[in-house]
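Notes follow the structure.
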Amino acid sequence: MTGILSSLRYLLADFIGEEDGTPPCLPEGLPEGTACVVSEGIHLLTEYQSAAYAQLYVQRLRRFIGRPGVDAALFGEIARLMAMRMSYQDAIRIAQLKLGEFENGAPPSTDIRRFRFDELIGALPELAADPVWMVLGELGWLHRRVAIPFSTRGRWGIRRLKLEAGLRRWRLFSARYEQERVWVERWLHMISRALVKQPGAAFAIVQTATMVQGFGDAYRHGLADWHAIIDGLVKPTFDGTLPLSDLAGAIAEARTAAMPDPRQASLKRAIAQIRARALADAAKANAAE
């Protein structure tokens with residue numbers, strides 16, 4: 001609940017402009033050697049969205065400062081990967097990056113990216129997106145792909161990039177942001193549970209953030225695979241319904257089986273095998289007592 005309230009508070013501050021644009025200070029008590037990665041995360045998220053958004057990043061990091069089992073290596077990875085996930089790629093971000101290249105002296109060029117209609121609509125505020133989703137859904141076009149040029153060739157291309165990049169003020173009200181917010185909070189929650197239930201698995205859970213990257217099919221498949229591993233192995237272990245003593249090893253095995261397959265056949269088979277082994281080993285151990 002605290003994480004949700006923090007997200008809403010910084011979202012509102014960003015929208016109504018109640019901030020001075022100054023990036024937040026580094027939090028006190030950082031593990032030695034992690035100040036640089038946190039500073040980079042603050043800079044990235046201020047540029048990506050706003051100072052208020054970077055403050056949300058700092059607020060989330062504070063949950064792990066001084067926690068038992070959180071050393072510099074683990075904290076540094078949480079800070080690095082959380083900044084990466086909070087700066088997720090959407091059409092707005094791609095426009096920002098393309099403009100940045102041009103402003104830094106790169107020659108004029110055009111990048112073509114392919115999006116599904118539902119991805120593009122998901123970057124809009126939900127109030128605006130809902131009626132468009134409805135119409136495209138009735139037409140059967142939600143999953144239709146469209147090629148979008150991001151171009152710095154000519155004034156019109158640059159103006160369009162600026163318009164797209166300017167939509168970032170509305171990003172935090174978009175359907176995509178809500179999905180990302182829920183995902184990040186669940187990832188952080190699983191890390192916290194690992195520190196209590198199975199500290200040896202905490203680093204492996206932190207690293208699962210690398211499964212969710214980019215946009216399009218790669219993003220959707222990675223997110224679906226992440227949820228499959230969390231729901232099939234991690235959460236049941238923490239809930240006490242799956243007796244996995246080596247959760248880190250199980251996560252690594254499942255990740256090796258994950259393929260770019262929307263049916264998740266290989267991954268689901270691996271998770272089922274890991275669960276069956278764990279339950280069989282527990283049954284044998286109980287019978288031997």
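All residue names refer to the structure tokens as shown: chains lettered A, B, ... in order, residues numbered from 1 in each chain, ligands numbered from 1 in order.
Omitting segment 186-203 of chain A and its sequence neighbours fewer than 6 positions away, and counting only C-alpha atoms, the residues within 7 Å are Gly69, Leu74, Phe238, Leu247 and Ala248 of chain A.
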File of the preceding selection, C-alpha atoms, as a CSV table (one decimal), in the first residue's frame:
chain,number,residue,atom,x,y,z
A,69,GLY,CA,21.0,-9.3,3.6
A,74,LEU,CA,22.6,-6.6,-4.4
A,238,PHE,CA,7.4,-18.1,-0.3
A,247,LEU,CA,14.9,-21.3,-5.5
A,248,ALA,CA,17.8,-19.5,-7.2
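Minimum atom-to-atom distances from A:Gly166, A:Pro108, A:Gly76, A:Pro260 to Gly222 of chain A were compared using only C-alpha atoms, and the lowest value belongs to A:Pro260.
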Among segment 120-192 of chain A, which ones does DSSP place in alpha helix (DSSP H), written as JSON, numbers by chain? {"A": [120, 121, 122, 126, 127, 128, 129, 130, 131, 132, 133, 134, 135, 136, 137, 138, 139, 155, 156, 157, 158, 159, 160, 161, 162, 163, 164, 165, 166, 168, 169, 170, 171, 175, 176, 177, 178, 179, 180, 181, 182, 183, 184, 185, 186, 187, 188, 189, 190, 191, 192]}
So which residues touch Phe115 of chain A within 7 Å, counting only C-alpha atoms, skipping near sequence neighbours fewer than 2 positions away, as a PyMOL selection string? chain A and resi 113+117+119-120+145-147+216
Selected residue, from A:Ile205, A:Ala95, A:Leu172, A:Val38, that lies nearest to Thr110 of chain A when counting only C-alpha atoms: A:Ala95
Hey, what's within 9 Å of Ala79 of chain A if we count only C-alpha atoms and toss same-chain stuff fewer than 6 positions away? As a list in words, please? Thr34, Val37, Val38, Gly41, Tyr57, Val58 and Leu61 of chain A
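Using only C-alpha atoms, the smallest distance between any of A:Lys284, A:Gln213, A:Asp90, A:Asp246 and Ile148 of chain A comes from A:Asp90.
Computed from the coordinates, the atom CA of Met211 of chain A to atom CA of Glu178 of chain A distance equals 18.7 Å.
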Test item: residues at most 9 Å from segment 263-279 of chain A, only C-alpha atoms, excluding those fewer than 3 positions along its chain, as a PyMOL selection string: chain A and resi 221+224-225+228-229+232-233+242-245+250+253-260+282-284
Deliver the residues from the most recent selection as a file, using all heavy atoms, as a short mmCIF file (atom, residue, chain, number, x, y, z; two decimals), in the first residue's frame.
data_model
loop_
_atom_site.label_atom_id
_atom_site.label_comp_id
_atom_site.auth_asym_id
_atom_site.auth_seq_id
_atom_site.Cartn_x
_atom_site.Cartn_y
_atom_site.Cartn_z
N HIS A 221 6.46 -11.15 -24.60
CA HIS A 221 6.89 -12.51 -24.28
C HIS A 221 7.70 -12.52 -22.98
O HIS A 221 7.53 -13.42 -22.14
CB HIS A 221 7.73 -13.08 -25.42
CG HIS A 221 6.95 -13.29 -26.69
ND1 HIS A 221 7.56 -13.51 -27.90
CD2 HIS A 221 5.61 -13.31 -26.93
CE1 HIS A 221 6.63 -13.65 -28.84
NE2 HIS A 221 5.45 -13.53 -28.27
N ALA A 224 5.36 -12.09 -19.99
CA ALA A 224 4.58 -13.31 -19.75
C ALA A 224 5.46 -14.39 -19.11
O ALA A 224 5.02 -15.09 -18.18
CB ALA A 224 3.98 -13.82 -21.05
N ASP A 225 6.71 -14.53 -19.58
CA ASP A 225 7.62 -15.52 -19.00
C ASP A 225 7.95 -15.17 -17.56
O ASP A 225 8.05 -16.05 -16.70
CB ASP A 225 8.91 -15.60 -19.83
CG ASP A 225 8.69 -16.23 -21.20
OD1 ASP A 225 7.61 -16.81 -21.42
OD2 ASP A 225 9.60 -16.11 -22.05
N ALA A 228 5.12 -16.16 -15.38
CA ALA A 228 5.04 -17.62 -15.28
C ALA A 228 6.00 -18.15 -14.23
O ALA A 228 5.66 -19.03 -13.43
CB ALA A 228 5.32 -18.25 -16.64
N ILE A 229 7.23 -17.61 -14.20
CA ILE A 229 8.22 -18.05 -13.22
C ILE A 229 7.84 -17.60 -11.81
O ILE A 229 7.96 -18.37 -10.84
CB ILE A 229 9.62 -17.53 -13.61
CG1 ILE A 229 10.10 -18.25 -14.87
CG2 ILE A 229 10.62 -17.70 -12.47
CD1 ILE A 229 11.40 -17.71 -15.45
N GLY A 232 4.65 -19.61 -10.84
CA GLY A 232 4.83 -21.05 -10.79
C GLY A 232 5.86 -21.53 -9.79
O GLY A 232 5.76 -22.65 -9.26
N LEU A 233 6.86 -20.67 -9.48
CA LEU A 233 7.95 -21.10 -8.61
C LEU A 233 8.17 -20.20 -7.40
O LEU A 233 8.26 -20.69 -6.26
CB LEU A 233 9.26 -21.18 -9.42
CG LEU A 233 9.29 -22.15 -10.60
CD1 LEU A 233 10.60 -22.01 -11.36
CD2 LEU A 233 9.07 -23.58 -10.14
N LEU A 242 5.18 -24.81 -2.02
CA LEU A 242 6.13 -25.51 -2.87
C LEU A 242 7.47 -25.59 -2.12
O LEU A 242 8.10 -24.56 -1.87
CB LEU A 242 6.32 -24.77 -4.20
CG LEU A 242 7.26 -25.43 -5.22
CD1 LEU A 242 6.68 -26.77 -5.68
CD2 LEU A 242 7.48 -24.51 -6.42
N PRO A 243 7.92 -26.80 -1.77
CA PRO A 243 9.14 -26.95 -0.97
C PRO A 243 10.41 -26.91 -1.81
O PRO A 243 11.08 -27.93 -2.02
CB PRO A 243 8.95 -28.33 -0.32
CG PRO A 243 8.13 -29.09 -1.32
CD PRO A 243 7.23 -28.09 -1.97
N LEU A 244 10.74 -25.72 -2.29
CA LEU A 244 11.96 -25.54 -3.09
C LEU A 244 13.06 -24.99 -2.20
O LEU A 244 13.01 -23.83 -1.80
CB LEU A 244 11.68 -24.57 -4.24
CG LEU A 244 11.37 -25.14 -5.63
CD1 LEU A 244 11.08 -24.00 -6.60
CD2 LEU A 244 12.51 -26.00 -6.15
N SER A 245 14.07 -25.81 -1.92
CA SER A 245 15.16 -25.33 -1.06
C SER A 245 16.17 -24.50 -1.84
O SER A 245 16.86 -23.66 -1.28
CB SER A 245 15.87 -26.52 -0.41
OG SER A 245 16.37 -27.41 -1.40
N ALA A 250 16.36 -23.05 -9.29
CA ALA A 250 15.13 -23.31 -10.03
C ALA A 250 14.83 -22.17 -11.00
O ALA A 250 14.40 -22.39 -12.14
CB ALA A 250 13.97 -23.51 -9.06
N GLU A 253 17.17 -22.47 -13.96
CA GLU A 253 16.76 -23.56 -14.84
C GLU A 253 15.56 -23.15 -15.69
O GLU A 253 15.52 -23.42 -16.90
CB GLU A 253 16.42 -24.79 -14.00
CG GLU A 253 16.02 -26.01 -14.83
CD GLU A 253 15.70 -27.23 -13.97
OE1 GLU A 253 16.07 -27.24 -12.77
OE2 GLU A 253 15.06 -28.16 -14.50
N ALA A 254 14.60 -22.50 -15.06
CA ALA A 254 13.41 -22.07 -15.80
C ALA A 254 13.77 -21.01 -16.84
O ALA A 254 13.26 -21.05 -17.98
CB ALA A 254 12.37 -21.53 -14.83
N ARG A 255 14.62 -20.08 -16.49
CA ARG A 255 15.00 -19.04 -17.44
C ARG A 255 15.71 -19.62 -18.65
O ARG A 255 15.56 -19.13 -19.78
CB ARG A 255 15.86 -17.98 -16.76
CG ARG A 255 15.13 -17.13 -15.75
CD ARG A 255 15.97 -15.95 -15.29
NE ARG A 255 16.29 -15.05 -16.41
CZ ARG A 255 16.95 -13.91 -16.27
NH1 ARG A 255 17.35 -13.53 -15.06
NH2 ARG A 255 17.19 -13.14 -17.32
N THR A 256 16.51 -20.67 -18.45
CA THR A 256 17.19 -21.31 -19.56
C THR A 256 16.19 -21.93 -20.53
O THR A 256 16.42 -21.96 -21.75
CB THR A 256 18.14 -22.41 -19.04
OG1 THR A 256 19.12 -21.82 -18.18
CG2 THR A 256 18.86 -23.12 -20.17
N ALA A 257 15.06 -22.37 -20.02
CA ALA A 257 14.04 -23.01 -20.85
C ALA A 257 13.14 -22.01 -21.57
O ALA A 257 12.40 -22.39 -22.48
CB ALA A 257 13.18 -23.94 -19.99
N ALA A 258 13.17 -20.75 -21.16
CA ALA A 258 12.30 -19.74 -21.77
C ALA A 258 12.73 -19.45 -23.20
O ALA A 258 13.90 -19.16 -23.46
CB ALA A 258 12.32 -18.46 -20.94
N MET A 259 11.80 -19.56 -24.11
CA MET A 259 12.05 -19.33 -25.53
C MET A 259 11.10 -18.23 -26.03
O MET A 259 10.07 -17.97 -25.41
CB MET A 259 11.80 -20.61 -26.34
CG MET A 259 12.67 -21.78 -25.92
SD MET A 259 14.41 -21.50 -26.32
CE MET A 259 15.16 -22.98 -25.62
N PRO A 260 11.41 -17.61 -27.18
CA PRO A 260 10.49 -16.62 -27.75
C PRO A 260 9.27 -17.30 -28.36
O PRO A 260 9.07 -17.31 -29.57
CB PRO A 260 11.35 -15.91 -28.81
CG PRO A 260 12.39 -16.92 -29.18
CD PRO A 260 12.67 -17.69 -27.94
N ALA A 282 10.17 -33.79 -1.37
CA ALA A 282 9.58 -33.51 -0.06
C ALA A 282 8.80 -34.72 0.44
O ALA A 282 8.84 -35.03 1.65
CB ALA A 282 8.66 -32.30 -0.17
N ALA A 283 8.11 -35.40 -0.46
CA ALA A 283 7.34 -36.59 -0.06
C ALA A 283 8.28 -37.68 0.42
O ALA A 283 8.00 -38.38 1.41
CB ALA A 283 6.50 -37.07 -1.24
N LYS A 284 9.40 -37.87 -0.27
CA LYS A 284 10.38 -38.89 0.16
C LYS A 284 10.96 -38.55 1.52
O LYS A 284 11.14 -39.43 2.38
CB LYS A 284 11.51 -38.98 -0.87
CG LYS A 284 11.11 -39.64 -2.18
CD LYS A 284 12.29 -39.64 -3.14
CE LYS A 284 11.89 -40.21 -4.49
NZ LYS A 284 13.01 -40.17 -5.48
#
Point-to-point distance in Å for atom CA of Gly33 of chain A and atom CA of Pro68 of chain A: 17.5 Å
So that I can see what lies close to Glu126 of chain A, please list as a list in words the residues with an atom at most 7 Å from it, counting only C-alpha atoms and leaving out residues fewer than 4 positions away in the same chain. Asp130, Phe173, Ser174 and Ala175 of chain A
Write down as number ranges by chain the residues belonging to segment 43-285 of chain A that are assigned strand (DSSP E) by DSSP computed on the backbone. A: 110-116, 145-151
Output N, CA, C and O atoms of each residue in that selection to a file, as a short mmCIF file (atom, residue, chain, number, x, y, z; two decimals), in the first residue's frame.
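This went into again_15.cif:
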data_model
loop_
_atom_site.label_atom_id
_atom_site.label_comp_id
_atom_site.auth_asym_id
_atom_site.auth_seq_id
_atom_site.Cartn_x
_atom_site.Cartn_y
_atom_site.Cartn_z
N THR A 110 16.47 8.43 -40.33
CA THR A 110 15.13 7.93 -40.06
C THR A 110 15.21 6.51 -39.53
O THR A 110 15.88 5.66 -40.12
N ASP A 111 14.55 6.26 -38.41
CA ASP A 111 14.43 4.91 -37.86
C ASP A 111 12.98 4.47 -38.02
O ASP A 111 12.06 5.23 -37.71
N ILE A 112 12.79 3.25 -38.48
CA ILE A 112 11.45 2.69 -38.62
C ILE A 112 11.23 1.67 -37.52
O ILE A 112 12.00 0.72 -37.38
N ARG A 113 10.21 1.87 -36.71
CA ARG A 113 9.86 0.93 -35.65
C ARG A 113 8.45 0.42 -35.90
O ARG A 113 7.58 1.17 -36.32
N ARG A 114 8.25 -0.86 -35.59
CA ARG A 114 6.94 -1.47 -35.80
C ARG A 114 6.23 -1.66 -34.46
O ARG A 114 6.79 -2.27 -33.54
N PHE A 115 5.04 -1.13 -34.36
CA PHE A 115 4.23 -1.24 -33.15
C PHE A 115 2.88 -1.86 -33.50
O PHE A 115 2.39 -1.72 -34.63
N ARG A 116 2.28 -2.51 -32.51
CA ARG A 116 0.89 -2.89 -32.66
C ARG A 116 0.04 -1.69 -32.26
O ARG A 116 0.46 -0.84 -31.47
N ARG A 145 -0.12 -4.53 -36.90
CA ARG A 145 1.13 -3.79 -36.77
C ARG A 145 1.20 -2.64 -37.76
O ARG A 145 0.69 -2.74 -38.88
N VAL A 146 1.85 -1.59 -37.33
CA VAL A 146 2.02 -0.43 -38.19
C VAL A 146 3.47 0.06 -38.06
O VAL A 146 4.05 0.04 -36.97
N ALA A 147 4.06 0.47 -39.17
CA ALA A 147 5.43 0.98 -39.17
C ALA A 147 5.40 2.47 -38.89
O ALA A 147 4.69 3.23 -39.57
N ILE A 148 6.15 2.91 -37.89
CA ILE A 148 6.20 4.32 -37.50
C ILE A 148 7.61 4.85 -37.75
O ILE A 148 8.59 4.34 -37.20
N PRO A 149 7.75 5.89 -38.59
CA PRO A 149 9.07 6.49 -38.79
C PRO A 149 9.39 7.51 -37.70
O PRO A 149 8.55 8.34 -37.34
N PHE A 150 10.59 7.46 -37.19
CA PHE A 150 11.10 8.46 -36.25
C PHE A 150 12.26 9.15 -36.99
O PHE A 150 13.35 8.59 -37.12
N SER A 151 11.98 10.34 -37.50
CA SER A 151 12.90 10.96 -38.45
C SER A 151 13.34 12.36 -38.03
O SER A 151 12.54 13.15 -37.51
#
Kindly indicate which residue among A:Ile94, A:Ala83, A:Leu223, A:Leu99 lies nearest to Trp183 of chain A, using only C-alpha atoms for the distances. A:Leu223
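Computed from the coordinates, the atom CA of Leu45 of chain A to atom CA of Ser87 of chain A distance equals 6.5 Å.
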